[in-house]
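See below for structure-v1.txt, which holds compact mmCIF, C-alpha atoms and all ligand atoms.
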```
# COMPACT_ATOMS: atom_id res chain seq x y z
CA MET A 168 24.45 -3.52 -26.73
CA ARG A 169 24.17 -6.27 -24.11
CA ILE A 170 23.73 -5.20 -20.49
CA GLY A 171 23.72 -7.50 -17.46
CA LYS A 172 23.60 -11.29 -17.14
CA GLN A 173 21.61 -13.05 -19.85
CA ASP A 174 21.53 -16.62 -18.50
CA GLN A 175 18.01 -16.69 -17.01
CA ALA A 176 15.83 -16.18 -20.07
CA PHE A 177 12.64 -17.62 -18.52
CA THR A 178 9.21 -16.61 -17.27
CA ALA A 179 7.04 -19.00 -15.25
CA ILE A 180 3.81 -16.99 -15.40
CA ALA A 181 2.17 -17.53 -18.77
CA THR A 182 2.59 -18.66 -22.34
CA SER A 183 0.33 -18.93 -25.37
CA ASP A 184 0.02 -20.59 -28.76
CA GLU A 185 -2.44 -20.29 -31.61
CA HIS A 186 -5.24 -22.09 -29.72
CA SER A 187 -4.63 -21.62 -26.01
CA ILE A 188 -3.28 -19.43 -23.24
CA THR A 189 -1.63 -21.17 -20.29
CA VAL A 190 -1.36 -19.35 -16.96
CA ARG A 191 0.65 -20.95 -14.16
CA GLY A 192 0.00 -24.34 -15.81
CA TYR A 193 -3.79 -23.85 -16.09
CA ASP A 194 -5.62 -23.41 -19.37
CA LEU A 195 -6.99 -19.88 -19.13
CA CYS A 196 -10.28 -20.65 -20.91
CA ASP A 197 -10.98 -24.21 -19.70
CA ASP A 198 -9.69 -23.99 -16.12
CA LEU A 199 -9.78 -20.38 -15.00
CA ILE A 200 -12.33 -18.14 -16.73
CA GLY A 201 -15.66 -18.69 -14.97
CA ARG A 202 -14.06 -21.10 -12.49
CA ILE A 203 -11.86 -18.95 -10.28
CA GLY A 204 -12.56 -15.79 -8.28
CA PHE A 205 -10.33 -12.79 -8.79
CA THR A 206 -8.68 -12.93 -5.35
CA ASP A 207 -7.69 -16.56 -5.97
CA TYR A 208 -6.48 -15.62 -9.42
CA PHE A 209 -4.37 -12.78 -8.01
CA TRP A 210 -2.78 -15.24 -5.56
CA LEU A 211 -2.24 -17.84 -8.31
CA LEU A 212 -0.73 -15.26 -10.67
CA VAL A 213 1.75 -13.92 -8.14
CA LEU A 214 2.63 -17.12 -6.26
CA GLY A 215 1.94 -19.88 -8.78
CA GLU A 216 -0.46 -21.79 -6.47
CA LYS A 217 -4.12 -21.26 -5.54
CA PRO A 218 -4.65 -19.94 -1.99
CA THR A 219 -6.05 -21.93 0.90
CA GLU A 220 -9.38 -20.81 2.35
CA ALA A 221 -7.61 -18.85 5.09
CA GLN A 222 -5.24 -17.20 2.61
CA ARG A 223 -8.17 -16.21 0.38
CA GLY A 224 -10.08 -14.81 3.38
CA MET A 225 -7.09 -12.77 4.53
CA MET A 226 -6.33 -11.40 1.06
CA ASP A 227 -9.98 -10.50 0.46
CA ALA A 228 -10.08 -8.67 3.79
CA CYS A 229 -6.87 -6.72 3.03
CA LEU A 230 -8.07 -5.73 -0.45
CA VAL A 231 -11.44 -4.53 0.88
CA ALA A 232 -9.74 -2.65 3.74
CA ILE A 233 -7.50 -0.48 1.54
CA ALA A 234 -9.56 -0.03 -1.65
CA GLU A 235 -11.32 3.12 -0.51
CA HIS A 236 -10.97 5.87 2.12
CA GLY A 237 -12.67 8.89 0.54
CA LEU A 238 -10.96 11.93 -0.96
CA VAL A 239 -7.42 11.01 0.07
CA PRO A 240 -4.42 12.44 -1.86
CA SER A 241 -4.22 9.59 -4.41
CA VAL A 242 -7.93 9.99 -5.22
CA GLN A 243 -7.68 13.78 -5.50
CA ALA A 244 -4.69 13.46 -7.85
CA ALA A 245 -6.63 11.01 -10.03
CA ARG A 246 -9.84 13.08 -10.14
CA MET A 247 -8.03 16.35 -10.92
CA THR A 248 -6.11 14.58 -13.68
CA LEU A 249 -9.33 13.23 -15.22
CA ALA A 250 -10.96 16.68 -15.02
CA ALA A 251 -8.02 18.08 -16.98
CA GLY A 252 -7.86 15.15 -19.42
CA PRO A 253 -11.29 13.46 -19.61
CA ASP A 254 -10.13 11.14 -22.37
CA ALA A 255 -7.22 9.71 -20.35
CA TRP A 256 -8.51 7.26 -17.72
CA GLN A 257 -5.17 5.47 -17.79
CA GLY A 258 -3.36 8.74 -17.04
CA ALA A 259 -5.75 9.59 -14.21
CA MET A 260 -5.52 6.08 -12.73
CA SER A 261 -1.72 6.23 -12.96
CA ALA A 262 -1.71 9.64 -11.23
CA GLY A 263 -3.62 8.07 -8.33
CA LEU A 264 -1.38 5.01 -8.12
CA LEU A 265 1.78 7.12 -8.37
CA GLY A 266 0.73 8.90 -5.18
CA MET A 267 0.70 5.67 -3.18
CA GLY A 268 4.02 6.16 -1.44
CA SER A 269 5.55 5.36 1.92
CA VAL A 270 3.60 8.02 3.88
CA VAL A 271 -0.01 7.20 3.01
CA ALA A 272 -1.83 4.52 1.00
CA GLY A 273 1.30 2.70 -0.17
CA SER A 274 2.90 2.50 3.26
CA SER A 275 2.20 -1.24 3.64
CA GLU A 276 5.45 -1.89 1.80
CA ALA A 277 7.65 0.05 4.25
CA ALA A 278 5.74 -1.40 7.21
CA GLY A 279 6.12 -4.96 5.88
CA GLN A 280 9.85 -4.48 5.40
CA PHE A 281 10.14 -3.03 8.90
CA LEU A 282 8.31 -5.99 10.48
CA HIS A 283 10.57 -8.32 8.51
CA GLU A 284 13.67 -6.49 9.74
CA VAL A 285 12.50 -6.68 13.36
CA LEU A 286 12.05 -10.45 13.06
CA GLN A 287 15.39 -10.85 11.28
CA LYS A 288 17.05 -8.76 13.99
CA ALA A 289 15.62 -10.99 16.71
CA LYS A 290 17.05 -14.04 14.92
CA ALA A 291 20.43 -12.42 14.20
CA ASP A 292 20.80 -11.10 17.79
CA ARG A 293 19.42 -14.36 19.27
CA THR A 294 16.94 -12.37 21.34
CA ASP A 295 13.15 -12.41 21.62
CA VAL A 296 11.00 -10.31 19.29
CA GLU A 297 10.11 -7.81 22.02
CA THR A 298 13.80 -6.99 22.65
CA ALA A 299 14.42 -6.57 18.90
CA ALA A 300 11.26 -4.46 18.51
CA VAL A 301 12.20 -2.12 21.35
CA ALA A 302 15.75 -1.74 19.96
CA SER A 303 14.31 -0.95 16.50
CA LEU A 304 11.91 1.62 17.99
CA GLU A 305 14.79 3.27 19.90
CA GLU A 306 16.85 3.34 16.71
CA LEU A 307 14.04 5.03 14.73
CA LYS A 308 13.59 7.55 17.53
CA ALA A 309 17.31 8.37 17.56
CA GLN A 310 17.20 8.87 13.79
CA LYS A 311 14.03 11.01 14.13
CA LYS A 312 12.21 8.64 11.78
CA LYS A 313 8.58 7.56 11.99
CA VAL A 314 7.57 4.01 12.82
CA PRO A 315 6.03 2.51 9.65
CA GLY A 316 2.58 1.04 10.22
CA LEU A 317 1.74 3.19 13.24
CA GLY A 318 -0.10 6.51 13.55
CA HIS A 319 -3.05 8.02 11.73
CA PRO A 320 -4.16 11.65 11.36
CA GLN A 321 -7.88 10.86 11.57
CA HIS A 322 -8.15 7.59 13.51
CA SER A 323 -5.86 8.81 16.29
CA THR A 324 -7.44 6.58 18.97
CA GLY A 325 -7.17 3.45 16.82
CA ASP A 326 -7.57 2.64 13.13
CA PRO A 327 -10.75 0.51 12.98
CA ARG A 328 -9.58 -1.19 9.77
CA ALA A 329 -6.42 -2.38 11.47
CA ASN A 330 -8.34 -3.73 14.45
CA ARG A 331 -10.72 -5.60 12.14
CA LEU A 332 -7.92 -7.11 10.03
CA LEU A 333 -6.08 -8.29 13.12
CA ALA A 334 -9.29 -9.85 14.47
CA ILE A 335 -9.87 -11.62 11.14
CA ALA A 336 -6.30 -12.96 11.21
CA ASP A 337 -7.04 -14.40 14.65
CA GLU A 338 -10.37 -15.87 13.48
CA LEU A 339 -8.81 -17.47 10.39
CA GLY A 340 -5.90 -18.89 12.36
CA VAL A 341 -3.48 -16.82 10.25
CA THR A 342 -1.90 -14.88 13.14
CA GLY A 343 1.79 -15.64 13.46
CA GLU A 344 5.14 -13.93 13.98
CA TYR A 345 4.40 -10.82 11.87
CA VAL A 346 1.13 -10.00 13.65
CA GLY A 347 2.90 -10.78 16.92
CA ALA A 348 5.70 -8.33 16.09
CA LEU A 349 3.21 -5.62 15.05
CA ARG A 350 1.24 -5.99 18.26
CA ILE A 351 4.44 -5.63 20.30
CA LEU A 352 5.38 -2.49 18.32
CA GLY A 353 1.90 -1.08 18.87
CA GLU A 354 2.16 -1.74 22.62
CA ARG A 355 5.69 -0.42 23.13
CA ALA A 356 5.78 2.54 20.66
CA PRO A 357 3.72 5.03 22.73
CA GLU A 358 6.08 4.93 25.74
CA ILE A 359 9.20 5.12 23.54
CA THR A 360 7.98 7.86 21.18
CA GLY A 361 6.02 9.70 23.88
CA ARG A 362 2.79 9.89 21.85
CA PRO A 363 -0.23 7.69 21.19
CA LEU A 364 0.49 5.75 18.03
CA PRO A 365 -2.23 3.29 17.01
CA ILE A 366 -1.55 0.42 14.62
CA ASN A 367 -2.84 1.61 11.24
CA VAL A 368 -4.22 -0.28 8.26
CA SER A 369 -0.85 -0.13 6.51
CA GLY A 370 0.69 -1.96 9.46
CA ALA A 371 -2.10 -4.52 9.68
CA ILE A 372 -2.12 -5.38 5.95
CA PRO A 373 1.50 -6.53 5.76
CA ALA A 374 1.41 -8.22 9.17
CA THR A 375 -1.67 -10.31 8.36
CA ILE A 376 -0.89 -11.09 4.73
CA LEU A 377 2.75 -11.98 5.47
CA ASP A 378 1.56 -14.37 8.17
CA ALA A 379 -0.81 -15.82 5.55
CA GLY A 380 2.21 -16.66 3.39
CA TRP A 381 2.44 -13.69 1.01
CA PRO A 382 6.06 -12.69 0.18
CA VAL A 383 7.47 -9.47 1.59
CA GLU A 384 8.83 -8.55 -1.87
CA ALA A 385 5.27 -8.38 -3.28
CA ILE A 386 3.54 -6.46 -0.47
CA LYS A 387 3.14 -3.32 -2.58
CA ALA A 388 0.92 -5.22 -5.03
CA VAL A 389 -1.85 -5.51 -2.41
CA PRO A 390 -2.66 -1.80 -1.86
CA LEU A 391 -1.98 -1.02 -5.53
CA LEU A 392 -4.46 -3.61 -6.79
CA ALA A 393 -7.07 -2.66 -4.20
CA ARG A 394 -6.81 1.08 -4.78
CA ALA A 395 -7.16 0.57 -8.55
CA ALA A 396 -10.73 -0.60 -7.75
CA GLY A 397 -11.46 2.45 -5.55
CA LEU A 398 -9.97 4.75 -8.18
CA SER A 399 -12.21 3.15 -10.82
CA ALA A 400 -15.25 4.21 -8.80
CA HIS A 401 -13.90 7.75 -8.42
CA LEU A 402 -13.06 8.06 -12.11
CA TYR A 403 -16.50 6.78 -13.14
CA GLU A 404 -18.12 9.31 -10.80
CA GLU A 405 -15.70 12.04 -11.94
CA ALA A 406 -16.71 11.44 -15.56
CA ALA A 407 -20.40 11.77 -14.69
CA ARG A 408 -20.22 14.52 -12.04
CA SER A 409 -16.86 16.26 -11.91
CA ILE A 410 -15.35 17.59 -8.69
CA GLY A 411 -11.76 17.71 -10.00
CA PHE A 412 -11.79 21.45 -10.64
CA ILE A 413 -13.58 22.12 -7.31
CA LEU A 414 -10.68 20.33 -5.60
CA SER A 415 -8.15 22.40 -7.52
CA HIS A 416 -10.06 25.66 -6.82
CA LYS A 417 -10.27 24.90 -3.07
CA ALA A 418 -6.53 24.16 -3.01
CA ASP A 419 -5.88 27.48 -4.72
CA LEU A 420 -7.98 29.27 -2.05
CA ALA A 421 -6.29 27.39 0.81
CA ILE A 422 -2.73 28.13 -0.24
CA GLU A 423 -1.39 31.69 0.01
CA TYR A 424 1.33 33.12 -2.23
CA ASP A 425 4.30 34.26 -0.14
CA GLY A 426 6.84 34.76 -2.93
CA GLN A 427 8.36 38.00 -4.23
CA PRO A 428 5.84 40.90 -4.55
CA LYS A 429 4.44 41.79 -7.95
CA GLY A 430 6.32 44.42 -10.00
CA ARG A 431 9.87 43.08 -9.80
CA GLY A 432 10.23 43.00 -13.58
CA ALA A 433 9.24 46.68 -13.88
CA SER A 434 11.99 47.80 -11.49
CA ASP A 435 14.51 45.60 -13.36
CA ARG A 436 13.46 47.20 -16.68
CA ALA A 437 13.70 50.72 -15.16
CA ALA A 438 17.25 49.97 -14.07
CA GLU A 439 18.29 48.86 -17.62
C1 LIG B 501 0.22 8.47 8.89
C2 LIG B 501 0.96 9.71 9.37
C3 LIG B 501 1.47 10.52 8.17
C4 LIG B 501 -0.03 10.55 10.17
O1 LIG B 501 0.62 11.64 10.62
P1 LIG B 501 -0.09 12.74 11.57
O2 LIG B 501 -0.95 12.08 12.56
O3 LIG B 501 -0.69 13.77 10.69
O4 LIG B 501 1.11 13.28 12.31
P2 LIG B 501 2.33 14.16 11.77
O5 LIG B 501 3.00 13.52 10.59
O6 LIG B 501 1.90 15.57 11.59
O7 LIG B 501 3.28 14.04 13.02
C5 LIG B 501 2.95 14.61 14.29
C6 LIG B 501 4.01 14.18 15.26
O8 LIG B 501 3.85 12.78 15.54
C7 LIG B 501 4.99 12.07 15.17
N1 LIG B 501 4.61 10.83 14.54
C8 LIG B 501 3.53 10.63 13.75
N2 LIG B 501 3.52 9.36 13.31
C9 LIG B 501 4.60 8.77 13.85
C10 LIG B 501 5.12 7.47 13.76
N3 LIG B 501 4.53 6.54 13.03
N4 LIG B 501 6.24 7.20 14.44
C11 LIG B 501 6.85 8.13 15.20
N5 LIG B 501 6.40 9.38 15.32
C12 LIG B 501 5.30 9.69 14.64
C13 LIG B 501 5.72 12.97 14.15
O9 LIG B 501 7.10 12.72 14.10
C14 LIG B 501 5.42 14.35 14.70
O10 LIG B 501 6.29 14.61 15.77
P3 LIG B 501 6.78 16.12 16.11
O11 LIG B 501 5.53 16.87 16.48
O12 LIG B 501 7.74 15.93 17.23
O13 LIG B 501 7.39 16.64 14.83
C15 LIG B 501 2.15 9.32 10.29
O14 LIG B 501 1.65 8.71 11.47
C16 LIG B 501 3.13 8.42 9.59
O15 LIG B 501 3.93 8.90 8.77
N6 LIG B 501 3.12 7.09 9.93
C17 LIG B 501 4.03 6.17 9.35
C18 LIG B 501 3.66 5.84 7.92
C19 LIG B 501 2.38 5.03 7.90
O16 LIG B 501 2.23 4.04 8.59
N7 LIG B 501 1.45 5.45 7.05
C20 LIG B 501 0.19 4.74 6.89
C21 LIG B 501 -0.98 5.59 7.23
S1 LIG B 501 -2.47 4.68 7.05
```
Is it possible to give me this structure as structure tokens?
Ligand SMILES: CC(C)(COP(=O)(O)OP(=O)(O)OC[C@H]1O[C@@H](n2cnc3c(N)ncnc32)[C@H](O)[C@@H]1OP(=O)(O)O)[C@@H](O)C(=O)NCCC(=O)NCCS
Amino acid sequence: MRIGKQDQAFTAIATSDEHSITVRGYDLCDDLIGRIGFTDYFWLLVLGEKPTEAQRGMMDACLVAIAEHGLVPSVQAARMTLAAGPDAWQGAMSAGLLGMGSVVAGSSEAAGQFLHEVLQKAKADRTDVETAAVASLEELKAQKKKVPGLGHPQHSTGDPRANRLLAIADELGVTGEYVGALRILGERAPEITGRPLPINVSGAIPATILDAGWPVEAIKAVPLLARAAGLSAHLYEEAARSIGFILSHKADLAIEYDGQPKGRGASDRAAE
């Protein structure tokens, strides 16, 4: 069975023959192994060109910022999975990565798309970014939706990772329209939503890396790659000194059963 169009049967990423592997036009063994750092390689793999110094600096900063934040949900999911299946690192790692959704850890994607939409709106409406940002904030409020990239349960007075990333973007000369739009959202959101809403790391990552030239369609790759490193540390520690079942026991203690009382089956049987 043939499904969909079949006219673009190409990949531009890599090819190999009996003696060599070619990645983005470079010989893997002669040009890349031992000659390129992993951040540059990530950029080359995804975009087909090596990054500039500023792009490398910004990507490095974003990867370091989101790799680790303690026993967050994605880490707990991974560690409990490894406790239950010690021979399945890949399953435990996947459990952690699967939890990186639009609310925490993976929220850079939604925030990046939102920033993009605000900028597109400003262009389409022929207004300035502030007008488009305020209209977008009002729209989210009317729909009772949260502003992606703002708010944090722990760093309620300001996410220090976001502040640092934005400062690095300024230092590297990367700051552009995305960071500008995020700063406007951060300034205007509190008065519109009626609550303090600091820019969080998942707002700062897309803003800074998009200004550095990363494509909006590949934003999700940044937190996923970074968190794979943090999860590796947790899985290595989990294998040596397990806390997975402590986490599951504490969850069991914290959550109360409020379903039907015990004994329902007995009364059903008595009625038969
Ligand atoms: C990160 C997040 C889950 C933290 O939430 P929290 O501080 O625990 O707050 P809650 O989700 O319990 O929400 C508390 C109130 O603040 C509001 N609120 C929280 N974040 C908001 C946001 N980004 N935009 C608008 N309102 C927000 C909620 O709607 C809720 O309002 P209510 O009391 O009228 O129902 C939340 O801010 C959020 O979803 N942000 C957007 C997604 C995001 O950027 N995630 C990345 C986190 S690093």
Counting only C-alpha atoms and all ligand atoms, what are the residues, protein, DNA or RNA alike, that approach ligand LIG 501 (chain B) to within 9 Å? I want them as an NGL selection string. :A and (268-275 or 277-278 or 304 or 307-308 or 311-323 or 326 or 356-357 or 360-370)
Separation of atom CA of Ala393 of chain A from atom CA of Ile233 of chain A, in Å and rounded to one decimal: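 Separation between atom CA of Ala393 of chain A and atom CA of Ile233 of chain A: 6.2 Å.
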In Å, with one decimal, what is the gap from atom CA of Gln175 of chain A to atom CA of Glu276 of chain A?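 Interatomic distance here is 27.0 Å.
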Can you pull out the residues contacting segment 406-416 of chain A? Cut-off 12 Å, using only C-alpha atoms, and skip same-chain residues under 5 positions away; I want them as a list in words.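 Once the adjacent positions are removed, what remains is Leu238, Val239, Pro240, Val242, Gln243, Ala244, Ala245, Arg246, Met247, Thr248, Leu249, Ala250, Ala251, Gly252, Pro253, Asp254, Ala255, Trp256, Ala259, Ser399, Ala400, His401, Ala421 and Ile422 of chain A.
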Contact residues around Ala300 of chain A with only C-alpha atoms at 7 Å, ignoring same-chain residues under 4 positions, as a list in words: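 In the requested format, the answer is Val285, Val296, Leu304 and Leu352 of chain A.
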Between A:Leu282, A:Ile203, A:Leu392, A:Val231, which one has atoms that come closest to Ser303 of chain A, using only C-alpha atoms? A:Leu282
May I have a table of the residues of segment 268-355 of chain A lying at most 9 Å from segment 223-226 of chain A, giving each one's closest pair of atoms and their distance in Å to one decimal, counting only C-alpha atoms, ordered by chain and ascending residue number, as JSON lines?
```
{"residue": "A:Leu332", "atom": "CA", "partner": "A:Met225", "partner_atom": "CA", "distance": 7.9}
{"residue": "A:Ile335", "atom": "CA", "partner": "A:Met225", "partner_atom": "CA", "distance": 7.3}
{"residue": "A:Ala336", "atom": "CA", "partner": "A:Met225", "partner_atom": "CA", "distance": 6.7}
{"residue": "A:Leu339", "atom": "CA", "partner": "A:Gly224", "partner_atom": "CA", "distance": 7.6}
{"residue": "A:Val341", "atom": "CA", "partner": "A:Met225", "partner_atom": "CA", "distance": 7.9}
```
Do a neighbour search on Leu212 of chain A at 10 Å with all atoms listed in the file, toss out local chain neighbours closer than 5 positions, and write the hits as a PyMOL selection string. chain A and resi 179-181+190-191+206-207+217
Atomic distance atom CA of Gln222 of chain A - atom CA of Glu338 of chain A, expressed in Å with one decimal: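 Between atom CA of Gln222 of chain A and atom CA of Glu338 of chain A the gap is 12.1 Å.
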Using all atoms listed in the file and a cutoff of 8 Å, can you tell me which residues are near (4.3, -11.8, 13.6) in the file's coordinates, and write them out as number ranges by chain? A: 282, 286, 342-349, 374, 378
Would you place a box with edges along x, y and z of the file around all atoms of segment 327-335 of chain A listed there, add 3 Å to each of its six sides, and report the centre and edge lengths in Å to one decimal, as AutoDock Vina command-line options?
```
--center_x -8.4 --center_y -5.6 --center_z 12.1 --size_x 10.7 --size_y 18.1 --size_z 10.7
```
Using all atoms listed in the file: which of A:Gly279, A:Ala309, A:Arg355, A:Pro428 has the shortest distance to Thr375 of chain A: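 Counting all atoms listed in the file, the residue closest to Thr375 of chain A is A:Gly279.
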